[in-house]
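What follows is one structure encoded as structure tokens, with my remarks underneath.
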Amino acid sequence: MAWGVAFVLSLGVHASASASASEQLLSLAEAASRALADGPDARIASLEAGQAEDALAEARSAYLPRASISSQAGYSNRLDERLRTVDRDGRERTYGLSSLGSDQGWFNFYIDQLLFDLQTWRGMERAELSAEAGRVAEAEKREAITLDVLRRYVEALRFDEIVTLDERRLAAAERLDARAASLLTAGRIVASDREEAALALETLRMRASERAGARAGARRALANAIGGTPGDTWHLEPESLPVVAHVATDADAELATAPELQLLSLRKRMEDVNVAAARAGRYPTVGLRAGYSNYGARRYDNFPDELSVGVDLTVPLFDGFKARNAIEGALKGAEIARLRYASMLERKRDRVRELERELAVGMQRPSLAARQAAVAEERLRLAEVRLQSDRGTLSDVVAASIGWGREARAAVDARFDAVVMWATLQRELGRLSAVIVGTPEDVTGGALQGDAHAPAAEAPREDGDRP
């Protein structure tokens, strides 16, 4: 199963009639874009990907020529000391004692070129895979950030609806409390019935105040996630939330592009390269060096400078079993990487199937919960009518009011839970960021602060609310 998405007016949420002049319109896509553009987690992931690219460039530089200059010019109080000798042809030679035995001139210029080093070449291949893994890790972090912002955005919208619902319930409870006082005065109910209505009102006020505070906390959490300030006020757009639709597709094929599996696949390839690099330790290395040295006026009397070109060849004969042990360790690492990939693939398959089943059921819950809430509200209206006609009791009205609140809250939760469940499935498939925001080039906006994996605030629940 896969899920197509369209941004349309959906969910039937009760949004505010209009945003005030001081409020900024903030859609889900814009909120996620702000977090992905300049947020610390997003920037860290981008910098880490850049580090991997830099490491690749460094590895590739091994096969570029290298030039260096060195100098041993200086002063010695024995600078003028001489060794006078005669060569085999009878010619007199004079050497400066201060520099006798030195193989470096006062000024040296060298050019070195690596010709063959298989182990270095394998290291370059590993650096290429590491750079690719850095880009995939950045994509994985984008998915996590997008899911976190969506959860915070949804939670803020959820509290908006709950606070609006609390206002309606408080108005109804205050009317009922006033009516209870009138009925007590008329002698139609007893004091305990009057106290029941008063307690219901006070309880609702307390919980409404608690949820209003939680709503402010959810707004602050969203501001932190997208780089806003606590004083920012936004008009959130429920219509910017995604709506899911069933589309038949091959989930296994899509899992292959999930960032987590791509990373593990790259790890497998990197471990295979490590095996090849360990085996390359048994091969010789070849390099070329060309240089010019000037020995200074006081070193040799026979020649003042030298131009040299040579080949640097190293052939390993016995390394104390270092290469053999390195190969054995690399082979074990490659097997570990293969097992991790297979295990992760199976876990993600199971997780995707589970989410698909939950979402198939979760998509049916909003309409069912809305119908149950409508029935509960009608039950409350009928209880009030019966109370007015002396065919019902005040306790029936209080009970019906509590039931209506519970079912209305369940309807709100059902709508938003379906969106979060859909987003979690898209996150598992590795395409949530592309669906919500687009490609990385499409992202612009603010900064992310705080932990991208911090859980969103949870609305306090009343006794009897669904768990």
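Residues are named by chain letter and number: chains run A, B, ... in the order of the structure tokens, numbers start at 1 in each chain, and ligands are numbered from 1 in the order shown.
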- Item | Which of region 29-200 of chain A DSSP labels strand (DSSP E or B), written as a count of residues only | 26
- Message: So that I can see what lies close to Ala52 (chain A), please list as a ChimeraX atom specification the residues with an atom at most 12 Å from it, counting only C-alpha atoms and leaving out residues fewer than 4 positions away in the same chain.
- Response: /A:45-48,56-59,124,126-138
- Item | Selection near Arg351 (chain A), 12 Å with only C-alpha atoms, sequence-local residues under 4 positions removed, as an NGL selection string | :A and (251-252 or 255 or 344-347 or 355-359 or 421 or 424-429)
- May I have the residues within 9 Å of region 375-382 of chain A as a PyMOL selection string, using only C-alpha atoms and disregarding those fewer than 5 positions away in the same chain? chain A and resi 370+387+396-401+403-408
- Task: Go through A:Ala31, A:Arg93, A:Ala181, A:Phe107 and flag the residue nearest Asp193 (chain A), using only C-alpha atoms for the distances.
- Result: A:Ala181
- Query: CA of Ala32 (chain A) to CA of Val437 (chain A): how many Å, to one decimal?
  - Reply: 6.7 Å
- Message: Excluding Gly296 (chain A) and its own-chain neighbours fewer than 6 positions away, which residues fall within 10 Å of it when counting only C-alpha atoms? Please give them as a list of chain:residue names.
- Response: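 Surrounding residues, per the criterion: A:Gln72, A:Ala73, A:Gly105, A:Trp106, A:Phe107, A:Phe303, A:Pro304, A:Asp305.
Nearest residue to Leu432 (chain A), choosing from A:Ala278, A:Ala180, A:Ala258, A:Ala208 and counting only C-alpha atoms: A:Ala258.
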- Item | Point-to-point distance in Å for CA of Leu26 (chain A) and CA of Gly227 (chain A) |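 Interatomic distance here is 12.9 Å.
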- Note on the structure: Closest of A:Ala197, A:Leu241, A:Val385, A:Val435 to Leu184 (chain A), counting only C-alpha atoms, is A:Ala197
- Query: What are the DSSP alpha helix (DSSP H) residues of region 187-325 of chain A, as number ranges by chain?
  - Reply: A: 191-226, 251-255, 259-280, 322-325
- Task: Kindly indicate which residue among A:Leu199, A:Ile226, A:Ile336, A:Ala55 lies nearest to Gly123 (chain A), using only C-alpha atoms for the distances.
- Result: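 Using only C-alpha atoms, the shortest distance to Gly123 (chain A) belongs to A:Ala55.
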- For Gly291 (chain A), please output as a ChimeraX atom specification all residues within 12 Å (counting only C-alpha atoms; exclusion window: fewer than 4 positions along the same chain). /A:66-70,104-105,107-113,305-311
Would you export the selected residues with N, CA and C atoms as a PDB file, in the first residue's frame, please?
```
ATOM      1  N   ARG A  66      52.736  16.746  -5.460  1.00  0.00           N
ATOM      2  CA  ARG A  66      52.933  17.584  -4.286  1.00  0.00           C
ATOM      3  C   ARG A  66      54.300  18.258  -4.375  1.00  0.00           C
ATOM      4  N   ALA A  67      54.309  19.520  -4.087  1.00  0.00           N
ATOM      5  CA  ALA A  67      55.549  20.301  -4.132  1.00  0.00           C
ATOM      6  C   ALA A  67      55.858  20.819  -2.729  1.00  0.00           C
ATOM      7  N   SER A  68      57.151  20.836  -2.394  1.00  0.00           N
ATOM      8  CA  SER A  68      57.554  21.310  -1.056  1.00  0.00           C
ATOM      9  C   SER A  68      58.906  21.996  -1.138  1.00  0.00           C
ATOM     10  N   ILE A  69      59.115  22.897  -0.195  1.00  0.00           N
ATOM     11  CA  ILE A  69      60.394  23.615  -0.068  1.00  0.00           C
ATOM     12  C   ILE A  69      60.868  23.447   1.356  1.00  0.00           C
ATOM     13  N   SER A  70      62.164  23.197   1.510  1.00  0.00           N
ATOM     14  CA  SER A  70      62.756  23.135   2.848  1.00  0.00           C
ATOM     15  C   SER A  70      64.089  23.873   2.836  1.00  0.00           C
ATOM     16  N   GLN A 104      70.887  17.021   3.065  1.00  0.00           N
ATOM     17  CA  GLN A 104      69.997  18.090   2.655  1.00  0.00           C
ATOM     18  C   GLN A 104      70.796  19.366   2.459  1.00  0.00           C
ATOM     19  N   GLY A 105      70.454  20.104   1.401  1.00  0.00           N
ATOM     20  CA  GLY A 105      71.112  21.365   1.167  1.00  0.00           C
ATOM     21  C   GLY A 105      70.531  22.477   2.022  1.00  0.00           C
ATOM     22  N   PHE A 107      69.010  24.906   0.780  1.00  0.00           N
ATOM     23  CA  PHE A 107      67.721  25.177   0.147  1.00  0.00           C
ATOM     24  C   PHE A 107      67.359  23.967  -0.718  1.00  0.00           C
ATOM     25  N   ASN A 108      66.107  23.435  -0.538  1.00  0.00           N
ATOM     26  CA  ASN A 108      65.679  22.242  -1.263  1.00  0.00           C
ATOM     27  C   ASN A 108      64.266  22.441  -1.810  1.00  0.00           C
ATOM     28  N   PHE A 109      64.071  21.975  -3.039  1.00  0.00           N
ATOM     29  CA  PHE A 109      62.744  22.000  -3.660  1.00  0.00           C
ATOM     30  C   PHE A 109      62.451  20.610  -4.205  1.00  0.00           C
ATOM     31  N   TYR A 110      61.294  20.024  -3.819  1.00  0.00           N
ATOM     32  CA  TYR A 110      60.954  18.661  -4.222  1.00  0.00           C
ATOM     33  C   TYR A 110      59.558  18.621  -4.835  1.00  0.00           C
ATOM     34  N   ILE A 111      59.379  17.721  -5.795  1.00  0.00           N
ATOM     35  CA  ILE A 111      58.071  17.368  -6.353  1.00  0.00           C
ATOM     36  C   ILE A 111      57.902  15.860  -6.196  1.00  0.00           C
ATOM     37  N   ASP A 112      56.802  15.448  -5.523  1.00  0.00           N
ATOM     38  CA  ASP A 112      56.515  14.032  -5.290  1.00  0.00           C
ATOM     39  C   ASP A 112      55.220  13.652  -6.010  1.00  0.00           C
ATOM     40  N   GLN A 113      55.233  12.500  -6.668  1.00  0.00           N
ATOM     41  CA  GLN A 113      54.052  12.002  -7.373  1.00  0.00           C
ATOM     42  C   GLN A 113      53.859  10.524  -7.045  1.00  0.00           C
ATOM     43  N   ASP A 305      75.352  22.714  -6.043  1.00  0.00           N
ATOM     44  CA  ASP A 305      73.940  22.323  -6.066  1.00  0.00           C
ATOM     45  C   ASP A 305      73.808  20.957  -6.727  1.00  0.00           C
ATOM     46  N   GLU A 306      72.509  20.454  -6.713  1.00  0.00           N
ATOM     47  CA  GLU A 306      72.269  19.098  -7.224  1.00  0.00           C
ATOM     48  C   GLU A 306      70.826  19.005  -7.723  1.00  0.00           C
ATOM     49  N   LEU A 307      70.603  18.320  -8.846  1.00  0.00           N
ATOM     50  CA  LEU A 307      69.288  18.011  -9.390  1.00  0.00           C
ATOM     51  C   LEU A 307      69.135  16.493  -9.391  1.00  0.00           C
ATOM     52  N   SER A 308      68.056  15.999  -8.795  1.00  0.00           N
ATOM     53  CA  SER A 308      67.896  14.539  -8.667  1.00  0.00           C
ATOM     54  C   SER A 308      66.483  14.129  -9.055  1.00  0.00           C
ATOM     55  N   VAL A 309      66.357  12.920  -9.628  1.00  0.00           N
ATOM     56  CA  VAL A 309      65.084  12.283  -9.966  1.00  0.00           C
ATOM     57  C   VAL A 309      65.200  10.821  -9.582  1.00  0.00           C
ATOM     58  N   GLY A 310      64.198  10.307  -8.850  1.00  0.00           N
ATOM     59  CA  GLY A 310      64.271   8.923  -8.413  1.00  0.00           C
ATOM     60  C   GLY A 310      62.903   8.301  -8.238  1.00  0.00           C
ATOM     61  N   VAL A 311      62.879   6.984  -8.188  1.00  0.00           N
ATOM     62  CA  VAL A 311      61.666   6.201  -7.981  1.00  0.00           C
ATOM     63  C   VAL A 311      61.706   5.620  -6.568  1.00  0.00           C
TER      64      VAL A 311
END
```
- Would you please work out which residue, of A:Leu176, A:Ile436, A:Ala337, A:Ala42, is nearest to Leu263 (chain A) when using only C-alpha atoms?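 Going through A:Leu176, A:Ile436, A:Ala337, A:Ala42 one by one, the smallest distance to Leu263 (chain A) is for A:Ala337.
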- Message: Nearest residue to Arg194 (chain A) out of A:Gly213, A:Arg267, A:Ala171, A:Ser395, using only C-alpha atoms?
- Response: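 Residue with the minimum atom-to-atom distance to Arg194 (chain A): A:Ser395.
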